[in-house]
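S.K.: Input file: final21.txt. Contents: compact mmCIF, C-alpha atoms and all ligand atoms.
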# COMPACT_ATOMS: atom_id res chain seq x y z
CA MET A 250 41.20 -6.06 -21.81
CA GLY A 251 44.54 -4.29 -21.52
CA TYR A 252 44.45 -1.63 -24.15
CA LEU A 253 47.80 -0.13 -24.99
CA ASN A 254 49.85 -3.29 -24.61
CA ASN A 255 47.08 -5.74 -25.62
CA ASN A 256 47.97 -7.94 -22.64
CA THR A 257 45.26 -10.57 -22.38
CA GLY A 258 44.95 -14.17 -21.26
CA TYR A 259 46.94 -16.01 -18.59
CA ILE A 260 49.65 -14.07 -16.83
CA SER A 261 53.15 -15.30 -16.20
CA ASP A 262 53.75 -13.29 -13.01
CA LEU A 263 51.89 -11.86 -10.04
CA LEU A 264 49.27 -9.21 -10.79
CA ALA A 265 50.75 -5.79 -10.03
CA SER A 266 50.30 -2.19 -11.15
CA ARG A 267 52.18 1.12 -10.88
CA SER A 268 48.87 3.01 -11.15
CA ILE A 269 47.73 5.13 -8.18
CA ILE A 270 44.25 6.64 -7.87
CA LYS A 271 43.57 9.30 -5.22
CA ARG A 272 40.25 10.77 -6.29
CA GLY A 273 40.20 14.58 -6.14
CA ASN A 274 43.91 14.67 -5.36
CA TYR A 275 46.03 13.02 -8.05
CA ALA A 276 46.22 9.89 -10.17
CA LEU A 277 48.95 8.07 -12.05
CA ILE A 278 47.42 5.91 -14.77
CA THR A 279 49.81 3.53 -16.52
CA PRO A 280 49.11 1.87 -19.89
CA ASP A 281 48.70 -1.64 -18.43
CA GLY A 282 45.22 -1.16 -17.03
CA LEU A 283 43.72 1.02 -19.74
CA VAL A 284 40.70 -0.34 -21.58
CA LYS A 285 38.96 0.38 -24.87
CA ASN A 286 35.56 2.08 -24.72
CA ILE A 287 32.82 2.12 -27.31
CA ILE A 288 31.58 5.71 -27.44
CA PRO A 289 28.94 7.11 -29.81
CA GLY A 290 30.58 9.00 -32.68
CA PHE A 291 33.97 7.29 -32.43
CA GLU A 292 34.20 4.82 -35.33
CA ASN A 293 36.99 2.29 -35.85
CA CYS A 294 38.93 3.79 -32.94
CA ASP A 295 40.29 2.44 -29.68
CA THR A 296 39.21 5.13 -27.23
CA THR A 297 40.47 5.24 -23.66
CA ILE A 298 39.04 7.68 -21.14
CA LEU A 299 41.55 9.19 -18.72
CA SER A 300 40.58 12.08 -16.39
CA THR A 301 36.86 12.64 -15.81
CA PRO A 302 34.71 14.43 -13.21
CA LYS A 303 34.49 11.04 -11.45
CA LEU A 304 38.21 11.33 -10.75
CA GLY A 305 37.84 14.93 -9.58
CA ALA A 306 38.66 16.74 -12.83
CA THR A 307 36.58 19.50 -14.43
CA PHE A 308 37.72 18.18 -17.83
CA VAL A 309 37.90 14.91 -19.73
CA ASP A 310 41.01 13.55 -21.43
CA TYR A 311 41.13 10.68 -23.90
CA LEU A 312 43.77 8.65 -25.65
CA VAL A 313 42.52 7.58 -29.07
CA THR A 314 44.08 5.19 -31.57
CA LEU A 315 42.57 5.66 -35.02
CA HIS A 316 42.66 2.58 -37.22
CA ALA A 317 42.37 2.85 -41.03
CA GLN A 318 39.52 5.28 -41.87
CA GLY A 319 38.82 5.58 -38.14
CA GLY A 320 37.68 8.83 -36.57
CA ASN A 321 34.77 10.93 -35.41
CA SER A 322 32.65 12.45 -38.19
CA ALA A 323 29.62 13.05 -35.97
CA GLY A 324 31.54 15.80 -34.15
CA PHE A 325 33.34 15.93 -30.80
CA GLY A 326 32.37 18.67 -28.33
CA GLY A 327 29.05 20.46 -28.29
CA GLU A 328 27.15 23.44 -26.95
CA GLY A 329 29.20 25.15 -24.24
CA VAL A 330 32.07 22.65 -24.59
CA GLU A 331 35.58 23.52 -25.80
CA THR A 332 37.84 20.84 -27.27
CA PHE A 333 41.52 20.32 -28.00
CA LEU A 334 43.18 17.66 -30.16
CA TYR A 335 46.92 16.83 -30.35
CA VAL A 336 48.46 14.32 -32.75
CA ILE A 337 50.83 12.08 -30.76
CA ASP A 338 51.69 10.10 -33.87
CA GLY A 339 50.50 9.60 -37.44
CA ALA A 340 48.54 11.79 -39.81
CA ILE A 341 44.90 12.87 -39.64
CA THR A 342 42.44 15.21 -41.29
CA ALA A 343 40.64 17.32 -38.70
CA GLY A 344 37.65 19.52 -39.39
CA ALA A 345 35.81 22.45 -37.80
CA GLY A 346 33.11 24.59 -39.41
CA ASP A 347 33.72 24.46 -43.19
CA ASP A 348 37.48 23.99 -42.81
CA LYS A 349 39.75 20.94 -42.98
CA TYR A 350 43.24 20.66 -41.52
CA SER A 351 45.94 18.10 -42.38
CA LEU A 352 47.69 17.44 -39.09
CA THR A 353 50.74 15.26 -38.54
CA LYS A 354 52.74 14.43 -35.38
CA GLY A 355 52.74 17.51 -33.16
CA GLY A 356 49.71 19.01 -34.93
CA TYR A 357 46.89 20.46 -32.85
CA LEU A 358 43.43 22.01 -33.07
CA TYR A 359 41.45 23.95 -30.45
CA CYS A 360 37.72 24.46 -31.07
CA PRO A 361 35.77 27.04 -29.05
CA PRO A 362 32.49 26.05 -27.38
CA GLY A 363 29.71 25.13 -29.76
CA GLU A 364 32.00 24.33 -32.68
CA LEU A 365 32.10 20.58 -33.27
CA MET A 366 35.47 19.03 -34.07
CA THR A 367 35.78 16.12 -36.52
CA PHE A 368 38.79 13.94 -37.29
CA VAL A 369 39.66 10.96 -39.47
CA ASN A 370 42.83 8.95 -39.92
CA ALA A 371 44.68 10.05 -43.08
CA GLN A 372 46.88 6.96 -43.37
CA GLU A 373 46.51 3.17 -43.46
CA ALA A 374 48.66 2.72 -40.33
CA ASP A 375 47.23 3.70 -36.94
CA SER A 376 47.38 7.32 -35.75
CA GLN A 377 47.26 8.31 -32.08
CA LEU A 378 45.57 11.35 -30.53
CA PHE A 379 45.37 13.05 -27.15
CA LEU A 380 41.91 14.64 -26.81
CA TYR A 381 40.49 17.07 -24.27
CA LYS A 382 37.09 18.57 -23.57
CA ARG A 383 35.81 20.92 -20.88
CA ARG A 384 32.76 23.06 -20.22
CA TYR A 385 33.89 26.57 -21.16
CA VAL A 386 33.75 29.27 -18.47
CA ALA A 387 32.79 32.55 -20.15
CA THR A 388 33.83 36.04 -19.10
CA PRO A 389 32.02 39.17 -20.37
CA GLY A 390 33.54 40.95 -23.37
CA HIS A 391 35.89 38.16 -24.38
CA ALA A 392 35.58 35.04 -26.52
CA PRO A 393 37.89 32.23 -27.63
CA TYR A 394 38.40 31.26 -31.27
CA ARG A 395 39.70 28.31 -33.29
CA VAL A 396 43.47 27.76 -33.08
CA THR A 397 45.53 25.25 -35.07
CA GLY A 398 49.16 24.59 -35.99
CA ASN A 399 52.06 22.32 -35.18
CA GLU A 400 54.19 22.32 -32.05
CA ASN A 401 57.32 22.81 -34.19
CA GLN A 402 56.07 26.34 -35.02
CA LEU A 403 55.73 27.33 -31.35
CA GLU A 404 58.24 29.45 -29.48
CA ARG A 405 60.57 27.35 -27.29
CA ILE A 406 60.46 29.21 -23.97
CA GLU A 407 63.18 28.68 -21.36
CA TYR A 408 61.03 27.79 -18.36
CA GLU A 409 61.53 30.17 -15.43
CA GLY A 410 65.12 30.97 -16.42
CA MET A 411 66.26 27.34 -16.96
CA SER A 412 67.81 26.56 -20.37
CA ASP A 413 67.33 22.79 -19.93
CA VAL A 414 63.59 23.05 -19.20
CA ILE A 415 61.59 24.08 -22.28
CA LEU A 416 57.96 25.20 -22.31
CA LEU A 417 55.57 25.39 -25.27
CA ASP A 418 52.26 27.29 -24.98
CA PHE A 419 49.65 26.19 -27.51
CA LEU A 420 46.93 28.84 -27.01
CA PRO A 421 46.97 32.66 -26.89
CA LYS A 422 47.32 34.28 -23.50
CA GLU A 423 44.03 36.16 -23.86
CA LEU A 424 41.06 36.46 -21.49
CA GLY A 425 38.81 34.74 -24.04
CA PHE A 426 40.64 31.48 -23.30
CA ASP A 427 39.89 29.79 -19.97
CA MET A 428 42.52 27.07 -20.42
CA ASN A 429 45.79 26.40 -22.17
CA MET A 430 47.66 23.34 -23.35
CA HIS A 431 51.43 23.18 -22.89
CA ILE A 432 54.39 20.87 -23.36
CA LEU A 433 57.09 20.90 -20.69
CA SER A 434 60.40 19.13 -21.49
CA PHE A 435 63.16 18.41 -18.97
CA ALA A 436 66.65 17.36 -20.04
CA PRO A 437 67.94 14.49 -17.86
CA GLY A 438 68.83 16.04 -14.49
CA ALA A 439 66.64 19.12 -14.96
CA SER A 440 63.71 19.76 -12.64
CA HIS A 441 61.07 22.25 -11.58
CA GLY A 442 62.48 25.03 -9.41
CA TYR A 443 60.00 24.36 -6.59
CA ILE A 444 57.09 22.12 -5.69
CA GLU A 445 53.90 23.70 -7.00
CA THR A 446 50.71 23.93 -4.89
CA HIS A 447 48.25 25.76 -7.13
CA VAL A 448 44.47 25.67 -7.51
CA GLN A 449 44.60 24.89 -11.25
CA GLU A 450 44.19 21.29 -12.43
CA HIS A 451 46.32 19.36 -14.93
CA GLY A 452 45.92 16.28 -17.09
CA ALA A 453 49.38 15.31 -18.33
CA TYR A 454 50.31 12.65 -20.89
CA ILE A 455 54.00 11.73 -20.97
CA LEU A 456 55.28 11.88 -24.55
CA SER A 457 58.90 10.85 -24.02
CA GLY A 458 61.56 9.89 -21.51
CA GLN A 459 61.45 9.07 -17.84
CA GLY A 460 61.02 11.18 -14.73
CA VAL A 461 60.58 11.09 -11.00
CA TYR A 462 57.47 13.02 -10.10
CA ASN A 463 56.36 14.45 -6.79
CA LEU A 464 52.63 13.95 -6.27
CA ASP A 465 51.31 14.95 -2.84
CA ASN A 466 54.88 14.69 -1.52
CA GLU A 467 55.47 11.13 -2.75
CA TRP A 468 58.31 10.76 -5.29
CA ILE A 469 57.08 8.39 -8.00
CA PRO A 470 58.92 7.07 -11.08
CA VAL A 471 57.03 7.78 -14.32
CA LYS A 472 57.76 7.23 -18.00
CA LYS A 473 56.58 7.64 -21.58
CA GLY A 474 52.97 6.48 -21.99
CA ASP A 475 51.96 7.21 -18.38
CA TYR A 476 49.19 9.69 -17.65
CA ILE A 477 48.99 11.94 -14.55
CA PHE A 478 45.96 13.79 -13.19
CA MET A 479 46.81 16.61 -10.77
CA GLY A 480 43.81 18.03 -8.96
CA ALA A 481 43.48 21.45 -7.34
CA TYR A 482 46.29 22.06 -4.82
CA SER A 483 47.94 18.71 -5.58
CA LEU A 484 51.64 19.09 -4.74
CA GLN A 485 53.58 18.58 -7.98
CA ALA A 486 57.06 18.79 -9.49
CA GLY A 487 59.37 16.55 -11.46
CA TYR A 488 62.94 15.63 -12.35
CA GLY A 489 63.99 14.40 -15.76
CA VAL A 490 65.98 11.17 -15.47
CA GLY A 491 67.05 8.50 -17.98
CA ARG A 492 69.70 8.43 -20.70
CA GLY A 493 69.67 11.34 -23.12
CA GLU A 494 65.99 11.56 -23.97
CA ALA A 495 64.03 14.55 -22.61
CA PHE A 496 61.27 13.85 -20.08
CA SER A 497 58.42 15.58 -21.83
CA TYR A 498 54.68 15.81 -21.27
CA ILE A 499 51.70 17.58 -22.78
CA TYR A 500 49.31 19.00 -20.18
CA SER A 501 46.25 21.17 -19.81
CA LYS A 502 45.82 23.98 -17.28
CA ASP A 503 42.77 26.13 -16.53
CA CYS A 504 43.54 29.85 -16.45
CA HIS A 505 42.34 33.46 -16.73
CA ARG A 506 39.31 33.15 -14.43
CA ASP A 507 38.49 34.32 -10.91
CA VAL A 508 37.19 31.77 -8.41
CA GLU A 509 33.42 31.51 -8.01
CA ILE A 510 32.10 31.62 -4.43
O1 LIG A 601 52.14 25.24 -15.53
C1 LIG A 601 52.23 24.51 -14.57
O2 LIG A 601 51.52 24.65 -13.58
C2 LIG A 601 53.25 23.39 -14.60
N1 LIG A 601 54.55 23.93 -14.33
N2 LIG A 601 52.92 22.30 -13.72
C3 LIG A 601 53.52 21.08 -13.84
O3 LIG A 601 54.39 20.88 -14.70
N3 LIG A 601 53.13 20.13 -12.98
MN MN A 602 51.37 22.93 -12.29
For this file, produce the structure as structure tokens.

M.R.:
Amino acid sequence: MGYLNNNTGYISDLLASRSIIKRGNYALITPDGLVKNIIPGFENCDTTILSTPKLGATFVDYLVTLHAQGGNSAGFGGEGVETFLYVIDGAITAGAGDDKYSLTKGGYLYCPPGELMTFVNAQEADSQLFLYKRRYVATPGHAPYRVTGNENQLERIEYEGMSDVILLDFLPKELGFDMNMHILSFAPGASHGYIETHVQEHGAYILSGQGVYNLDNEWIPVKKGDYIFMGAYSLQAGYGVGRGEAFSYIYSKDCHRDVEI
């Protein structure tokens, strides 16, 4: 069953998809083919799984629509697993340890390994979340800790000297953290300064606008609601296109660790 657009039944045109799956390299996953999954702990939610180790990622991303009273009270994460939650739309109550957090659009919560994250919809209308989990890579003498807030409190950083490309960093740049979550926003016409070829992986969910994205040296049109996995060394860069609205995506990136051999 098509998930995000609820397209079911007889079609009126030829079957076609913009999605591209190159396991271990990159993937573009468009809303049309996404399905709902029933997962233990997720109640009254539509949960879609995006990147996984089966695609070549060391992390898992999810898109979750919480219906009324929907959420996860059993706890997301677990021993050795770090988690991150971002509110795409709506209002939720998230929990960690003995604490509760009221999060609205742009709100986020990072839980360090071993600390289960809970969340429940705080409104009658649906709320939508972007969720992330990954097995934490420790380094001696340093540890991560819980981080929460809203993106509107974060410093707007001009990305690599470009005033029309804005970067937000969600987590502290400290050795205790082995990953970060960011938002990168391109005004129409703005672009990366070069095509990246780095070892770090990304899972990127497009929050607004339209872009043309280079994945493994193919230029591919992308837009709000699309999801991109970029594996290690996957060539990557983008242009913002469209009419007025910024091309903006939230994405994860592993960091602060040497390579194991
Ligand atoms: O941080 C990054 O590596 C980022 N500039 N990559 C990307 O946007 N594809
Ligand atoms: Mn990158």

S.K.: For Gly326 in chain A, which of A:Arg384, A:Lys354, A:Thr301, A:Lys271 is the closest residue, counting only C-alpha atoms?

M.R.: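 Checking each of A:Arg384, A:Lys354, A:Thr301, A:Lys271 against Gly326 in chain A, counting only C-alpha atoms, the winner is A:Arg384.
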
S.K.: How would you write as a list in words the residues that get within 9 Å of (46.5, 10.8, -8.9) in the file's frame, counting only C-alpha atoms?

M.R.: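 Every polymer residue passing the test: Ser268, Ile269, Ile270, Lys271, Arg272, Gly273, Asn274, Tyr275, Ala276, Leu277, Ile278, Leu304, Leu464, Asp465, Ile477, Phe478, Met479, Gly480 and Ser483 of chain A.
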
S.K.: Within 10 Å of ligand LIG 601 (chain A) (counting only C-alpha atoms and all ligand atoms), which residues show up? I'd like them as JSON, numbers by chain.

M.R.: {"A": [408, 409, 416, 418, 429, 430, 431, 432, 433, 434, 440, 441, 442, 443, 444, 445, 446, 447, 448, 449, 450, 451, 452, 453, 462, 463, 464, 477, 478, 479, 483, 484, 485, 486, 487, 497, 498, 499, 500, 501, 502, 503, 504]}

S.K.: Hey, could you make a per-residue contact list for range 368-398 of chain A against range 340-349 of chain A with 6 Å as the cut-off, showing the nearest pair of atoms and its distance in Å to one decimal, counting all atoms listed in the file, sorted by chain and number, as a tab-separated table?

M.R.:
residue	atom	partner	partner_atom	distance
A:Phe368	CA	A:Ala343	CA	4.1
A:Val369	CA	A:Thr342	CA	5.4
A:Asn370	CA	A:Ile341	CA	4.4
A:Ala371	CA	A:Ile341	CA	4.5

S.K.: Quick one: residues within 9 Å of Glu331 in chain A, only C-alpha atoms, excluding same-chain residues fewer than 4 positions away - as a PDB file with C-alpha atoms, keeping the file's coordinate frame?

M.R.:
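So the final result, stored in part-v2.pdb, reads:
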ATOM      1  CA  GLY A 326      32.370  18.670 -28.330  1.00  0.00           C
ATOM      2  CA  GLY A 327      29.050  20.460 -28.290  1.00  0.00           C
ATOM      3  CA  TYR A 359      41.450  23.950 -30.450  1.00  0.00           C
ATOM      4  CA  CYS A 360      37.720  24.460 -31.070  1.00  0.00           C
ATOM      5  CA  PRO A 361      35.770  27.040 -29.050  1.00  0.00           C
ATOM      6  CA  PRO A 362      32.490  26.050 -27.380  1.00  0.00           C
ATOM      7  CA  GLY A 363      29.710  25.130 -29.760  1.00  0.00           C
ATOM      8  CA  GLU A 364      32.000  24.330 -32.680  1.00  0.00           C
ATOM      9  CA  LEU A 365      32.100  20.580 -33.270  1.00  0.00           C
ATOM     10  CA  TYR A 381      40.490  17.070 -24.270  1.00  0.00           C
ATOM     11  CA  LYS A 382      37.090  18.570 -23.570  1.00  0.00           C
ATOM     12  CA  ARG A 383      35.810  20.920 -20.880  1.00  0.00           C
ATOM     13  CA  ARG A 384      32.760  23.060 -20.220  1.00  0.00           C
ATOM     14  CA  TYR A 385      33.890  26.570 -21.160  1.00  0.00           C
TER      15      TYR A 385
END

S.K.: Rounded to one decimal, what separation in Å do you get between CA of Asp427 in chain A and CA of Asp310 in chain A?

M.R.: 16.3 Å

S.K.: Between A:Gly320, A:Tyr252, A:Ala387, A:Asn466, which has the minimum distance to Ile298 in chain A (counting only C-alpha atoms)?

M.R.: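 Result for the nearest residue to Ile298 in chain A: A:Tyr252.
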
S.K.: Under the rule that only C-alpha atoms are counted, which of A:Ile406, A:Leu456, A:Ile260, A:Leu420 is the nearest residue to Ala495 in chain A?

M.R.: A:Leu456

S.K.: CA of Thr257 in chain A to CA of Ile337 in chain A: how many Å, to one decimal?

M.R.: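 Separation of CA of Thr257 in chain A and CA of Ile337 in chain A: 24.8 Å.
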
S.K.: Could you give me, as a short mmCIF file (atom, residue, chain, number, x, y, z; two decimals) with C-alpha atoms, keeping the file's coordinate frame, the residues within 10 Å of Leu424 in chain A, counting all atoms listed in the file and dropping anything in the same chain fewer than 5 positions from it?

M.R.:
data_model
loop_
_atom_site.label_atom_id
_atom_site.label_comp_id
_atom_site.auth_asym_id
_atom_site.auth_seq_id
_atom_site.Cartn_x
_atom_site.Cartn_y
_atom_site.Cartn_z
CA ALA A 387 32.79 32.55 -20.15
CA THR A 388 33.83 36.04 -19.10
CA PRO A 389 32.02 39.17 -20.37
CA GLY A 390 33.54 40.95 -23.37
CA HIS A 391 35.89 38.16 -24.38
CA ALA A 392 35.58 35.04 -26.52
CA PRO A 393 37.89 32.23 -27.63
CA CYS A 504 43.54 29.85 -16.45
CA HIS A 505 42.34 33.46 -16.73
CA ARG A 506 39.31 33.15 -14.43
#

S.K.: Using all atoms listed in the file, can you tell me which of A:Gln372, A:Phe308, A:Ala481, A:Gln459 comes closest to ligand MN 602 (chain A)?

M.R.: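 Of all the options, A:Ala481 lies closest to ligand MN 602 (chain A).
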
S.K.: Tell me, as a VMD selection string, which residues lie within 10 Å of Ala323 in chain A, counting only C-alpha atoms; anything in the same chain fewer than 6 positions away does not count.

M.R.: chain A and resid 289 to 292 365 to 368

S.K.: Let's have the selection written as a PDB file, in the frame of the given file, with C-alpha atoms.

M.R.:
ATOM      1  CA  PRO A 289      28.940   7.110 -29.810  1.00  0.00           C
ATOM      2  CA  GLY A 290      30.580   9.000 -32.680  1.00  0.00           C
ATOM      3  CA  PHE A 291      33.970   7.290 -32.430  1.00  0.00           C
ATOM      4  CA  GLU A 292      34.200   4.820 -35.330  1.00  0.00           C
ATOM      5  CA  LEU A 365      32.100  20.580 -33.270  1.00  0.00           C
ATOM      6  CA  MET A 366      35.470  19.030 -34.070  1.00  0.00           C
ATOM      7  CA  THR A 367      35.780  16.120 -36.520  1.00  0.00           C
ATOM      8  CA  PHE A 368      38.790  13.940 -37.290  1.00  0.00           C
TER       9      PHE A 368
END

S.K.: From the set A:Glu467, A:Gly491, A:Thr307, A:Val336, which residue has the shortest atom-to-atom contact distance to Met428 in chain A, counting only C-alpha atoms?

M.R.: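 Nearest candidate to Met428 in chain A out of A:Glu467, A:Gly491, A:Thr307, A:Val336: A:Thr307.
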
S.K.: Suppose you want the space between CA of Ile415 in chain A and CA of Ser376 in chain A; what is it in Å?

M.R.: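 We find that CA of Ile415 in chain A and CA of Ser376 in chain A lie 25.8 Å from each other.
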
S.K.: Which is closer to Thr314 in chain A than all the others in A:Ala439, A:Leu403, A:Ala374, A:Met411, using all atoms listed in the file?

M.R.: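 When distances to Thr314 in chain A are compared using all atoms listed in the file, the smallest one comes from A:Ala374.
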